>>> print(open('entry37.txt').read())   # compact mmCIF, C-alpha atoms
# COMPACT_ATOMS: atom_id res chain seq x y z
CA MET A 1 14.88 -7.18 -31.50
CA VAL A 2 12.72 -10.25 -31.75
CA ALA A 3 9.15 -9.91 -30.52
CA SER A 4 6.77 -12.67 -29.59
CA SER A 5 3.71 -13.23 -31.68
CA THR A 6 2.10 -16.26 -30.11
CA ALA A 7 1.84 -17.79 -26.70
CA ARG A 8 0.02 -20.67 -25.06
CA THR A 9 -0.53 -21.90 -21.54
CA GLY A 10 2.04 -24.37 -20.32
CA ALA A 11 2.36 -26.90 -17.54
CA GLY A 12 -0.93 -27.42 -15.74
CA GLY A 13 -2.28 -24.17 -17.11
CA GLN A 14 -0.03 -22.31 -14.67
CA THR A 15 2.67 -21.04 -17.00
CA LEU A 16 2.89 -19.22 -20.30
CA VAL A 17 4.96 -20.56 -23.17
CA VAL A 18 5.89 -17.79 -25.58
CA ASP A 19 7.12 -18.58 -29.07
CA LEU A 20 10.23 -16.54 -29.57
CA ALA A 21 12.45 -17.66 -32.43
CA TYR A 22 16.08 -16.63 -32.40
CA PRO A 23 17.95 -16.12 -34.57
CA PRO A 24 15.29 -14.79 -36.87
CA ASP A 25 15.66 -14.88 -40.59
CA PRO A 26 17.95 -13.97 -42.24
CA GLY A 27 20.31 -15.04 -39.52
CA ARG A 28 22.13 -14.47 -36.32
CA ALA A 29 24.11 -11.35 -35.64
CA PRO A 30 26.93 -11.44 -33.11
CA PHE A 31 26.00 -10.18 -29.67
CA THR A 32 27.66 -9.48 -26.37
CA ARG A 33 24.48 -9.08 -24.38
CA ALA A 34 20.93 -10.31 -24.62
CA ASP A 35 17.91 -9.07 -22.66
CA LEU A 36 14.40 -10.38 -22.41
CA VAL A 37 12.32 -7.20 -22.26
CA VAL A 38 8.82 -7.31 -20.82
CA THR A 39 6.60 -4.30 -21.36
CA GLY A 40 3.22 -3.31 -20.00
CA VAL A 41 3.65 -5.28 -16.78
CA ASP A 42 0.69 -5.14 -14.41
CA HIS A 43 1.51 -4.44 -10.75
CA SER A 44 -1.90 -3.80 -9.27
CA GLY A 45 -2.29 -7.05 -7.36
CA THR A 46 -0.22 -9.30 -5.13
CA SER A 47 3.55 -9.16 -5.56
CA TYR A 48 4.94 -11.92 -7.75
CA GLU A 49 8.02 -13.16 -9.51
CA VAL A 50 8.28 -14.55 -13.01
CA ARG A 51 10.90 -17.21 -13.64
CA LEU A 52 12.11 -17.41 -17.23
CA TYR A 53 13.18 -20.63 -18.92
CA LEU A 54 14.57 -20.91 -22.42
CA ASP A 55 13.45 -23.84 -24.54
CA ASN A 56 11.85 -25.65 -21.65
CA PRO A 57 8.11 -25.51 -22.36
CA GLY A 58 7.39 -27.95 -19.54
CA ALA A 59 8.91 -25.78 -16.84
CA ASP A 60 6.79 -25.13 -13.78
CA ILE A 61 7.12 -23.93 -10.21
CA ASP A 62 9.06 -27.05 -9.26
CA THR A 63 11.61 -26.80 -12.06
CA PRO A 64 15.08 -26.09 -10.68
CA ARG A 65 16.45 -22.65 -11.27
CA ASP A 66 19.64 -23.88 -12.85
CA PRO A 67 21.23 -23.65 -16.29
CA GLU A 68 20.55 -27.27 -17.18
CA ALA A 69 16.83 -26.57 -16.96
CA GLY A 70 17.15 -23.57 -19.23
CA TYR A 71 16.70 -21.13 -16.38
CA ALA A 72 17.60 -17.64 -17.55
CA GLY A 73 16.65 -15.43 -14.59
CA ARG A 74 13.60 -13.86 -13.04
CA TYR A 75 11.96 -10.53 -12.51
CA THR A 76 10.01 -9.49 -9.45
CA VAL A 77 6.95 -7.27 -9.41
CA PHE A 78 6.30 -5.25 -6.24
CA GLY A 79 2.53 -5.30 -6.18
CA HIS A 80 -0.08 -2.97 -4.76
CA GLY A 81 -2.19 -5.75 -3.30
CA GLY A 82 -5.53 -4.60 -4.60
CA CYS A 83 -7.40 -1.34 -4.85
CA TYR A 84 -7.96 0.73 -1.74
CA GLY A 85 -9.85 3.62 -3.30
CA ASP A 86 -13.41 4.16 -4.41
CA GLU A 87 -14.81 2.88 -7.67
CA GLY A 88 -12.58 3.92 -10.56
CA HIS A 89 -9.61 4.89 -8.38
CA CYS A 90 -7.41 2.14 -9.74
CA GLU A 91 -8.39 2.48 -13.39
CA VAL A 92 -5.41 3.79 -15.30
CA PRO A 93 -6.60 6.64 -17.54
CA GLU A 94 -5.68 6.75 -21.18
CA ALA A 95 -3.01 9.28 -21.99
CA ALA A 96 -4.95 12.40 -22.89
CA GLY A 97 -2.26 14.04 -24.97
CA ASP A 98 -3.27 17.28 -23.32
CA PRO A 99 -0.20 19.48 -22.82
CA THR A 100 -1.87 21.29 -19.94
CA ASP A 101 -2.39 18.04 -18.02
CA VAL A 102 0.40 18.02 -15.44
CA ARG A 103 -1.12 15.43 -13.16
CA PRO A 104 1.32 12.76 -11.92
CA VAL A 105 1.38 9.50 -13.81
CA HIS A 106 -1.18 7.06 -12.38
CA GLN A 107 0.33 4.78 -9.75
CA LEU A 108 -0.78 1.66 -11.57
CA THR A 109 0.54 2.59 -14.99
CA PRO A 110 2.00 -0.67 -16.36
CA LEU A 111 5.77 -0.84 -16.12
CA ASP A 112 8.59 -2.17 -18.29
CA THR A 113 11.40 -4.37 -17.07
CA PHE A 114 14.12 -6.63 -18.43
CA VAL A 115 16.23 -9.62 -17.52
CA THR A 116 19.71 -10.06 -18.96
CA VAL A 117 19.90 -13.59 -20.35
CA THR A 118 23.16 -13.54 -22.28
CA ASP A 119 24.69 -16.73 -20.96
CA ALA A 120 21.43 -18.66 -20.97
CA LEU A 121 20.83 -17.73 -24.60
CA ARG A 122 24.35 -18.72 -25.56
CA ARG A 123 23.88 -22.09 -23.91
CA VAL A 124 20.73 -22.74 -25.92
CA LEU A 125 22.33 -21.62 -29.14
CA ASP A 126 25.39 -23.77 -28.52
CA ARG A 127 23.18 -26.76 -27.77
CA ASP A 128 20.33 -26.43 -30.24
CA GLY A 129 21.46 -23.85 -32.74
CA ARG A 130 18.39 -21.72 -32.11
CA LEU A 131 15.93 -20.56 -29.45
CA SER A 132 12.27 -21.46 -29.90
CA THR A 133 10.38 -20.67 -26.69
CA VAL A 134 10.49 -18.73 -23.46
CA THR A 135 8.46 -20.17 -20.61
CA MET A 136 7.20 -17.70 -18.01
CA VAL A 137 6.51 -19.23 -14.60
CA PRO A 138 4.67 -16.76 -12.33
CA VAL A 139 4.84 -17.36 -8.59
CA SER A 140 3.00 -15.23 -6.07
CA LEU A 141 4.97 -13.42 -3.36
CA THR A 142 2.28 -13.25 -0.74
CA PRO A 143 3.01 -11.92 2.75
CA ARG A 144 3.03 -15.48 4.10
CA ARG A 145 5.52 -17.77 2.39
CA SER A 146 3.27 -20.77 2.97
CA ASP A 147 0.65 -19.11 0.73
CA ARG A 148 2.99 -18.74 -2.25
CA SER A 149 1.94 -20.68 -5.27
CA PRO A 150 1.70 -20.68 -9.07
CA ALA A 151 -0.02 -17.45 -10.02
CA PRO A 152 -1.05 -17.34 -13.68
CA GLU A 153 -3.76 -14.82 -12.78
CA LEU A 154 -1.04 -12.27 -11.90
CA LEU A 155 0.89 -12.63 -15.15
CA GLU A 156 -0.34 -9.72 -17.22
CA PHE A 157 1.89 -7.88 -19.66
CA ALA A 158 1.78 -6.40 -23.12
CA ASP A 159 4.80 -7.85 -24.86
CA LEU A 160 7.88 -10.01 -24.47
CA SER A 161 10.84 -9.48 -26.76
CA LEU A 162 14.47 -10.48 -27.02
CA HIS A 163 17.00 -7.72 -27.53
CA THR A 164 20.56 -8.53 -28.45
CA TYR A 165 23.34 -6.00 -28.37
CA LEU A 166 26.84 -5.79 -29.68
CA ALA A 167 28.54 -3.57 -27.17
CA ALA A 168 31.32 -3.66 -24.65
CA THR A 169 29.51 -3.87 -21.36
CA ASP A 170 30.16 -5.47 -18.02
CA LEU A 171 26.50 -6.39 -17.87
CA ASP A 172 27.29 -9.51 -19.80
CA VAL A 173 27.70 -11.64 -16.69
CA PRO A 174 25.84 -14.74 -15.56
CA THR A 175 22.31 -13.98 -14.52
CA PRO A 176 22.06 -14.52 -10.77
CA GLY A 177 19.51 -16.87 -9.31
CA MET B 1 22.87 15.10 9.04
CA GLY B 2 25.64 12.60 9.46
CA VAL B 3 27.19 9.43 8.20
CA ARG B 4 25.03 6.47 7.36
CA ARG B 5 26.66 3.21 8.42
CA SER B 6 26.16 -0.43 7.69
CA ALA B 7 23.58 -2.01 9.95
CA ALA B 8 26.16 -4.70 10.61
CA SER B 9 28.66 -2.25 12.07
CA LEU B 10 26.55 -0.22 14.47
CA SER B 11 27.85 0.16 17.99
CA VAL B 12 25.58 -0.63 20.92
CA ALA B 13 25.12 3.08 21.48
CA GLU B 14 24.24 3.72 17.83
CA LEU B 15 21.71 0.90 17.84
CA THR B 16 20.19 2.31 21.02
CA ASP B 17 19.94 5.75 19.41
CA LEU B 18 18.23 4.25 16.39
CA ARG B 19 15.72 2.29 18.46
CA ASP B 20 15.01 5.31 20.60
CA ALA B 21 14.44 7.43 17.49
CA PHE B 22 11.95 4.93 16.07
CA THR B 23 10.22 4.64 19.45
CA ALA B 24 9.92 8.40 19.61
CA LEU B 25 8.51 8.53 16.07
CA TYR B 26 5.96 5.83 16.92
CA GLY B 27 4.69 8.06 19.70
CA ILE B 28 4.02 11.07 17.48
CA SER B 29 0.60 10.96 15.88
CA ASP B 30 0.82 14.13 13.78
CA ASP B 31 2.66 14.80 10.55
CA ARG B 32 6.06 14.53 12.24
CA GLY B 33 5.47 10.95 13.30
CA TYR B 34 5.88 7.44 11.99
CA ALA B 35 2.30 6.85 10.97
CA PHE B 36 2.39 9.87 8.68
CA LEU B 37 5.79 9.06 7.20
CA ALA B 38 5.03 5.38 6.60
CA GLY B 39 1.65 6.31 5.21
CA VAL B 40 3.10 8.59 2.56
CA HIS B 41 4.40 5.50 0.78
CA GLY B 42 0.99 3.89 0.46
CA LEU B 43 -1.92 3.77 2.83
CA PRO B 44 -3.80 5.80 3.81
CA LEU B 45 -4.37 7.30 0.39
CA PRO B 46 -3.07 9.26 -1.38
CA GLN B 47 -0.13 7.08 -2.28
CA TYR B 48 2.90 9.09 -3.28
CA CYS B 49 5.67 6.54 -3.84
CA LYS B 50 7.15 6.02 -7.27
CA HIS B 51 7.67 2.48 -8.55
CA GLY B 52 8.13 1.22 -12.06
CA SER B 53 9.13 4.78 -12.75
CA ILE B 54 12.26 6.69 -13.64
CA LEU B 55 11.52 8.68 -10.47
CA PHE B 56 12.03 5.61 -8.28
CA LEU B 57 15.50 6.57 -7.05
CA PRO B 58 15.05 10.35 -6.62
CA TRP B 59 11.68 10.00 -4.91
CA HIS B 60 12.97 7.48 -2.38
CA ARG B 61 16.12 9.54 -1.72
CA ALA B 62 13.90 12.48 -0.80
CA TYR B 63 11.75 10.14 1.31
CA LEU B 64 14.72 8.92 3.34
CA TYR B 65 15.99 12.48 3.71
CA PHE B 66 12.78 13.62 5.38
CA MET B 67 12.55 10.42 7.43
CA GLU B 68 16.05 10.95 8.75
CA ARG B 69 15.25 14.55 9.61
CA ALA B 70 12.14 13.41 11.48
CA MET B 71 14.15 10.76 13.35
CA ILE B 72 16.65 13.35 14.56
CA ASP B 73 13.92 15.76 15.62
CA ALA B 74 12.02 13.04 17.47
CA LEU B 75 15.12 11.75 19.23
CA ARG B 76 16.15 15.24 20.33
CA ARG B 77 12.69 16.00 21.64
CA SER B 78 12.34 12.69 23.47
CA ARG B 79 15.71 13.11 25.17
CA ASP B 80 15.46 16.85 25.57
CA ASP B 81 18.91 16.93 24.00
CA PRO B 82 19.37 19.32 21.05
CA ALA B 83 22.65 17.64 20.17
CA ALA B 84 21.32 14.10 19.86
CA ALA B 85 22.06 12.58 16.49
CA VAL B 86 21.05 9.49 14.56
CA SER B 87 21.38 8.25 10.99
CA LEU B 88 19.67 5.66 8.88
CA PRO B 89 21.88 2.59 8.55
CA TRP B 90 21.89 0.50 5.41
CA TRP B 91 21.18 -3.22 5.33
CA ASP B 92 23.62 -4.86 2.95
CA TRP B 93 21.61 -7.89 1.91
CA SER B 94 24.32 -8.80 -0.61
CA SER B 95 27.02 -9.18 2.04
CA ALA B 96 28.60 -12.46 3.08
CA ALA B 97 27.11 -12.01 6.55
CA ALA B 98 23.60 -11.69 5.15
CA HIS B 99 24.06 -14.80 3.01
CA ALA B 100 25.57 -16.97 5.74
CA ASP B 101 23.57 -19.58 7.61
CA GLY B 102 21.69 -17.68 10.27
CA GLY B 103 22.10 -14.49 8.26
CA GLY B 104 19.33 -12.64 6.50
CA LEU B 105 17.90 -9.73 8.41
CA PRO B 106 20.42 -7.75 10.48
CA PRO B 107 20.43 -9.00 14.09
CA GLY B 108 19.53 -5.60 15.49
CA TRP B 109 16.21 -5.72 13.64
CA LEU B 110 15.10 -9.08 15.05
CA ALA B 111 12.72 -9.67 17.92
CA PRO B 112 14.66 -10.65 21.04
CA ALA B 113 14.50 -14.34 21.88
CA ASP B 114 13.43 -13.48 25.41
CA GLY B 115 10.32 -11.72 24.13
CA GLY B 116 11.61 -8.27 25.02
CA ALA B 117 10.84 -5.14 23.05
CA ASN B 118 12.72 -4.00 19.96
CA ALA B 119 11.37 -1.01 18.10
CA LEU B 120 13.11 -2.23 14.93
CA ALA B 121 11.54 -5.69 14.88
CA SER B 122 8.09 -4.48 13.82
CA GLY B 123 6.22 -1.24 13.36
CA PRO B 124 2.78 -0.14 14.48
CA MET B 125 0.15 -0.50 11.77
CA THR B 126 -1.80 2.65 12.46
CA LEU B 127 -4.35 2.48 9.66
CA GLY B 128 -7.99 3.39 10.00
CA ASP B 129 -10.51 0.61 10.37
CA ALA B 130 -11.55 0.46 6.71
CA ASP B 131 -8.00 0.33 5.36
CA LEU B 132 -6.94 -2.16 8.01
CA GLU B 133 -9.82 -4.46 7.21
CA GLN B 134 -8.96 -4.38 3.54
CA VAL B 135 -5.28 -5.03 4.23
CA ARG B 136 -6.21 -8.05 6.31
CA THR B 137 -8.48 -9.30 3.55
CA ASN B 138 -6.13 -8.66 0.62
CA LEU B 139 -2.84 -9.39 2.35
CA PRO B 140 -3.29 -12.08 4.99
CA GLY B 141 -0.18 -12.49 7.09
CA ALA B 142 1.03 -8.93 6.63
CA VAL B 143 -0.07 -7.63 10.04
CA THR B 144 -0.91 -9.19 13.38
CA ASP B 145 -4.46 -9.96 14.38
CA GLY B 146 -6.38 -8.15 17.08
CA ALA B 147 -6.10 -4.65 18.44
CA ASP B 148 -2.97 -2.52 18.00
CA PRO B 149 -1.66 -4.51 15.04
CA VAL B 150 1.99 -4.44 14.06
CA THR B 151 3.84 -5.50 10.95
CA VAL B 152 4.79 -9.12 10.39
CA ARG B 153 7.71 -10.64 8.46
CA ASP B 154 8.16 -14.08 6.93
CA PRO B 155 11.66 -14.01 5.44
CA ASP B 156 13.00 -16.49 2.93
CA THR B 157 16.34 -18.26 3.37
CA PRO B 158 19.51 -16.13 3.29
CA ASP B 159 20.78 -17.73 0.09
CA GLN B 160 17.81 -16.22 -1.77
CA LEU B 161 18.91 -12.64 -1.08
CA PRO B 162 20.53 -10.72 -3.96
CA LYS B 163 24.13 -11.68 -4.49
CA ALA B 164 27.15 -9.39 -4.78
CA THR B 165 27.35 -10.29 -8.47
CA THR B 166 23.84 -8.94 -8.90
CA VAL B 167 24.82 -5.67 -7.26
CA ASN B 168 27.93 -5.46 -9.41
CA ARG B 169 25.82 -5.94 -12.50
CA ALA B 170 23.72 -2.96 -11.48
CA LEU B 171 26.80 -0.87 -10.76
CA SER B 172 28.03 -1.64 -14.27
CA ALA B 173 25.02 -0.02 -15.91
CA THR B 174 25.89 2.60 -18.45
CA SER B 175 22.89 4.91 -18.16
CA PHE B 176 20.69 6.21 -15.37
CA THR B 177 17.64 4.56 -16.86
CA GLU B 178 19.31 1.17 -17.03
CA PHE B 179 20.76 1.50 -13.52
CA SER B 180 17.40 2.53 -12.12
CA GLN B 181 15.57 -0.39 -13.73
CA ILE B 182 18.11 -2.96 -12.55
CA VAL B 183 18.26 -1.61 -9.02
CA GLU B 184 14.49 -1.38 -8.76
CA GLY B 185 14.25 -5.00 -9.81
CA ILE B 186 16.73 -6.01 -7.09
CA HIS B 187 14.77 -3.88 -4.63
CA ASN B 188 11.53 -5.62 -5.56
CA GLY B 189 13.06 -9.00 -4.84
CA VAL B 190 14.15 -7.98 -1.35
CA HIS B 191 10.65 -6.75 -0.55
CA GLY B 192 9.37 -10.18 -1.51
CA TRP B 193 12.17 -11.87 0.41
CA VAL B 194 11.24 -10.18 3.68
CA GLY B 195 7.59 -11.05 3.16
CA GLY B 196 4.82 -9.88 5.46
CA ALA B 197 4.05 -6.18 5.26
CA MET B 198 7.20 -5.56 3.23
CA SER B 199 5.78 -7.59 0.34
CA ALA B 200 3.11 -5.04 -0.57
CA VAL B 201 3.52 -1.43 -1.71
CA PRO B 202 0.72 0.09 0.39
CA ILE B 203 2.07 -1.01 3.78
CA ALA B 204 5.76 -1.82 3.25
CA ALA B 205 7.03 1.36 4.90
CA TYR B 206 5.37 0.47 8.19
CA ASP B 207 8.07 -2.19 8.71
CA PRO B 208 11.22 -0.58 10.19
CA ILE B 209 13.48 -2.68 7.95
CA PHE B 210 12.02 -0.78 4.98
CA TRP B 211 14.20 2.22 5.76
CA SER B 212 17.46 0.31 5.93
CA HIS B 213 16.57 -1.62 2.79
CA HIS B 214 16.06 1.68 1.00
CA ALA B 215 19.21 3.15 2.52
CA MET B 216 21.02 0.27 0.78
CA ILE B 217 19.29 1.14 -2.48
CA ASP B 218 20.16 4.81 -2.05
CA ARG B 219 23.75 3.89 -1.24
CA LEU B 220 23.99 1.85 -4.43
CA TRP B 221 22.79 4.86 -6.39
CA TYR B 222 25.42 6.97 -4.58
CA LEU B 223 28.15 4.43 -5.43
CA TRP B 224 27.02 4.34 -9.04
CA GLN B 225 27.05 8.14 -9.16
CA LEU B 226 30.67 8.05 -8.01
CA SER B 227 31.64 5.43 -10.59
CA PRO B 228 33.01 6.29 -14.06
CA GLN B 229 29.68 5.36 -15.67
CA GLY B 230 27.61 7.38 -13.18
CA ALA B 231 25.44 9.98 -14.86
CA ASP B 232 22.53 12.24 -14.10
CA PRO B 233 19.01 11.49 -15.26
CA SER B 234 18.00 13.13 -18.49
CA ALA B 235 17.81 16.91 -18.43
CA ALA B 236 14.10 16.77 -19.06
CA LEU B 237 13.64 15.04 -15.73
CA LEU B 238 15.71 17.32 -13.53
CA ASP B 239 13.03 19.86 -12.67
CA THR B 240 10.34 17.28 -12.02
CA ALA B 241 8.76 17.66 -8.59
CA LEU B 242 8.69 14.79 -6.11
CA PRO B 243 5.50 15.34 -4.13
CA PRO B 244 4.80 15.49 -1.27
CA TRP B 245 8.44 16.43 -0.76
CA PRO B 246 9.31 20.02 -1.64
CA MET B 247 12.14 18.88 -3.84
CA THR B 248 12.90 18.32 -7.47
CA VAL B 249 14.92 15.52 -9.01
CA ARG B 250 17.80 17.94 -9.39
CA GLN B 251 17.83 18.60 -5.65
CA THR B 252 18.27 14.91 -4.88
CA LEU B 253 21.33 14.37 -7.02
CA SER B 254 24.03 15.43 -4.57
CA VAL B 255 24.26 13.42 -1.38
CA PRO B 256 26.78 15.85 0.16
CA ASN B 257 24.43 18.74 -0.56
CA LEU B 258 21.70 16.91 1.32
CA GLY B 259 24.00 16.80 4.33
CA TYR B 260 24.67 13.12 4.74
CA ASP B 261 27.24 10.63 3.58
CA TYR B 262 27.83 6.91 3.44
CA ALA B 263 30.61 5.36 5.46
CA ALA B 264 33.07 3.63 3.16
CA GLN B 265 34.43 1.41 5.88
CA VAL B 266 34.13 1.31 9.62
CA VAL B 267 36.94 -0.19 11.69
CA GLY B 268 36.86 -0.74 15.41
>>> encode(input="entry37.txt", output="structure tokens")
Amino acid sequence: MVASSTARTGAGGQTLVVDLAYPPDPGRAPFTRADLVVTGVDHSGTSYEVRLYLDNPGADIDTPRDPEAGYAGRYTVFGHGGCYGDEGHCEVPEAAGDPTDVRPVHQLTPLDTFVTVTDALRRVLDRDGRLSTVTMVPVSLTPRRSDRSPAPELLEFADLSLHTYLAATDLDVPTPG
Amino acid sequence: MGVRRSAASLSVAELTDLRDAFTALYGISDDRGYAFLAGVHGLPLPQYCKHGSILFLPWHRAYLYFMERAMIDALRRSRDDPAAAVSLPWWDWSSAAAHADGGGLPPGWLAPADGGANALASGPMTLGDADLEQVRTNLPGAVTDGADPVTVRDPDTPDQLPKATTVNRALSATSFTEFSQIVEGIHNGVHGWVGGAMSAVPIAAYDPIFWSHHAMIDRLWYLWQLSPQGADPSAALLDTALPPWPMTVRQTLSVPNLGYDYAAQVVG
């Protein structure tokens, strides 16, 4: 697993460019599958998608979703569209560690997701020998399509990491658009 | 309960039964009716649905089970026919028909061009004033303006729906956790694709297409369960309750035990 340590805003302040070096020292291990794993994803607001580009720090909402642009796939967050309760209703409580606490998990507990990027990673490695950055392009999925736009304010997560696997799995197929 | 069929293969009579069942549910204002069932997913609070959770698939299977039961009851009562039957069809958004020009939503769920009524084209948004005001503020374009609001859609182009290769990737998952995460991601994308009310957790279930979208998700889980890599959730999860439904995860695992099935193929 390779975890990100630094990130910076990208094109027009509307994207996030994450430094993610692969292969790490001391070198590349063979893999049959690679996933970009995003943890701690916020889903409290408007729904949104995050388009992922490998080694294309200038990618933005207008960048084609095709392999030549480094497009690796996207994940979609089904959002809650704001808080509908009283004050404090949408604050996710810290895990109490209390074994007698059998309350359901809070609805807004951040989630984890992943995008399989095997072919996109292989393309970058074949071309450049190594991966340097992952650009995250968040786009809102508002009820009205005409309102959809770059949405850096929705892009909240704890960590992005690259996981490579050496396993026989049919999941190693091109990532759909 | 019966056999769930593809939305694309319903007969005229089956589509009529489905529309009549939804119409009957719309007319019931107590906890057997549409407002209650749609509200369980989100608004009005409390919100019970499970997303971003390993309970995503079991919870929604239980949800559809009770919805289907309510549909049958409502249809029988409205027709005064104790033998009336109806099932939730699935919307296969990965099919060639859905991806073709002019595809997308199943035709039976569209508003008639002549302006006539179709209970499957939109659902009544029966929220209280405070919730409705907040929905209109937070989610403009999700519901119609004025009195007696109904759900709105703003679908993307058919080529943006999940592809068969995406579904196959999910069906190739080698653990329940992995399958659940992949399928939930696909599911999220379809909610965004439909747009309107479907694009937001608190009000998505008010749109009638919600149920056929989730029947597709449930069917994929069923197909994965039948596949060589199909497996149960971890043992630690099996006795977890799925409120408000009086069921545990374990009780959702067998589709035959729940009394319904998915048609493999319908000819003629």
>>> interface_residues(input="entry37.txt", of="chain B", to="chain A", cutoff="7 Å", atoms="only C-alpha atoms", output="list in words")
Gly52, Asn138, Leu139, Pro140, Gly141, Ala142, Asp154, Thr166, Arg169, Ser172, Ala173, Gln181, Gly185, Asn188, Gly189, Gly192, Gly195, Gly196, Ala197, Ser199, Ala200, Val201 and Pro202 of chain B
>>> atom_distance(input="entry37.txt", atom1="CA of Asp159 in chain A", atom2="CA of Leu237 in chain B")
26.2 Å
>>> residues_around(input="entry37.txt", residues="range 60-65 of chain A", least_positions_apart="2", cutoff="8 Å", atoms="only C-alpha atoms", output="list in words")
Ala11, Gln14, Thr15, Gly58, Pro67, Ala69, Tyr71, Gly73, Val137, Pro138, Val139, Ser149, Pro150 and Gly177 of chain A
>>> axis_aligned_box(input="entry37.txt", around="range 30-38 of chain A", padding_each_side="5 Å", output="lines of an AutoDock Vina configuration file")
center_x = 18.2
center_y = -9.3
center_z = -27.0
size_x = 28.8
size_y = 14.2
size_z = 22.3
>>> residues_around(input="entry37.txt", residues="Leu226 in chain B", least_positions_apart="2", cutoff="12 Å", atoms="only C-alpha atoms", output="list in words")
Leu171, Ser172, Arg219, Leu220, Trp221, Tyr222, Leu223, Trp224, Pro228, Gln229, Gly230, Ala231, Asp232, Leu253, Ser254, Val255, Pro256 and Tyr262 of chain B
>>> atom_distance(input="entry37.txt", atom1="CA of Ala215 in chain B", atom2="CA of Ala117 in chain B")
23.7 Å
>>> atom_distance(input="entry37.txt", atom1="CA of Val152 in chain B", atom2="CA of Val190 in chain B")
15.1 Å
>>> residues_near_point(input="entry37.txt", point="(16.2, -19.5, -35.1)", cutoff="7 Å", atoms="only C-alpha atoms", output="PyMOL selection string")
chain A and resi 21-24+130-132
>>> closest_residue(input="entry37.txt", among="A:Arg33, A:Arg127, A:Arg51, A:Arg103", to="Leu162 in chain A", atoms="only C-alpha atoms")
A:Arg33
>>> closest_residue(input="entry37.txt", among="A:Leu52, A:Val124, A:Met136, A:Val37", to="Thr9 in chain A", atoms="only C-alpha atoms")
A:Met136
>>> closest_residue(input="entry37.txt", among="A:Thr6, A:Asp128, A:Val50, A:Asp25", to="Pro152 in chain A", atoms="only C-alpha atoms")
A:Val50
>>> residues_around(input="entry37.txt", residues="Pro149 in chain B", least_positions_apart="3", cutoff="7 Å", atoms="all atoms listed in the file", output="number ranges by chain")
B: 124-125, 143-146
>>> closest_residue(input="entry37.txt", among="B:Pro82, B:Leu55, B:Phe22, B:Ala236", to="Tyr34 in chain B", atoms="all atoms listed in the file")
B:Phe22
>>> build_atoms(input="entry37.txt", residues="range 130-142 of chain A", atoms="N, CA and C atoms", output="CSV table (one decimal), keeping the file's coordinate frame")
chain,number,residue,atom,x,y,z
A,130,ARG,N,19.4,-22.8,-32.1
A,130,ARG,CA,18.4,-21.7,-32.1
A,130,ARG,C,17.5,-21.8,-30.9
A,131,LEU,N,16.9,-20.6,-30.6
A,131,LEU,CA,15.9,-20.6,-29.4
A,131,LEU,C,14.5,-20.6,-30.0
A,132,SER,N,13.6,-21.4,-29.4
A,132,SER,CA,12.3,-21.5,-29.9
A,132,SER,C,11.2,-20.9,-28.9
A,133,THR,N,11.4,-21.1,-27.6
A,133,THR,CA,10.4,-20.7,-26.7
A,133,THR,C,11.0,-20.1,-25.4
A,134,VAL,N,10.2,-19.2,-24.8
A,134,VAL,CA,10.5,-18.7,-23.5
A,134,VAL,C,9.3,-19.1,-22.6
A,135,THR,N,9.6,-19.8,-21.5
A,135,THR,CA,8.5,-20.2,-20.6
A,135,THR,C,8.5,-19.2,-19.4
A,136,MET,N,7.3,-18.6,-19.1
A,136,MET,CA,7.2,-17.7,-18.0
A,136,MET,C,6.4,-18.4,-16.9
A,137,VAL,N,7.1,-18.5,-15.7
A,137,VAL,CA,6.5,-19.2,-14.6
A,137,VAL,C,6.2,-18.2,-13.5
A,138,PRO,N,5.0,-17.8,-13.4
A,138,PRO,CA,4.7,-16.8,-12.3
A,138,PRO,C,4.4,-17.4,-11.0
A,139,VAL,N,5.0,-16.8,-10.0
A,139,VAL,CA,4.8,-17.4,-8.6
A,139,VAL,C,4.5,-16.2,-7.7
A,140,SER,N,3.4,-16.3,-6.9
A,140,SER,CA,3.0,-15.2,-6.1
A,140,SER,C,4.0,-15.0,-4.9
A,141,LEU,N,4.1,-13.8,-4.5
A,141,LEU,CA,5.0,-13.4,-3.4
A,141,LEU,C,4.1,-12.8,-2.3
A,142,THR,N,3.2,-13.7,-1.8
A,142,THR,CA,2.3,-13.2,-0.7
A,142,THR,C,3.0,-12.9,0.6
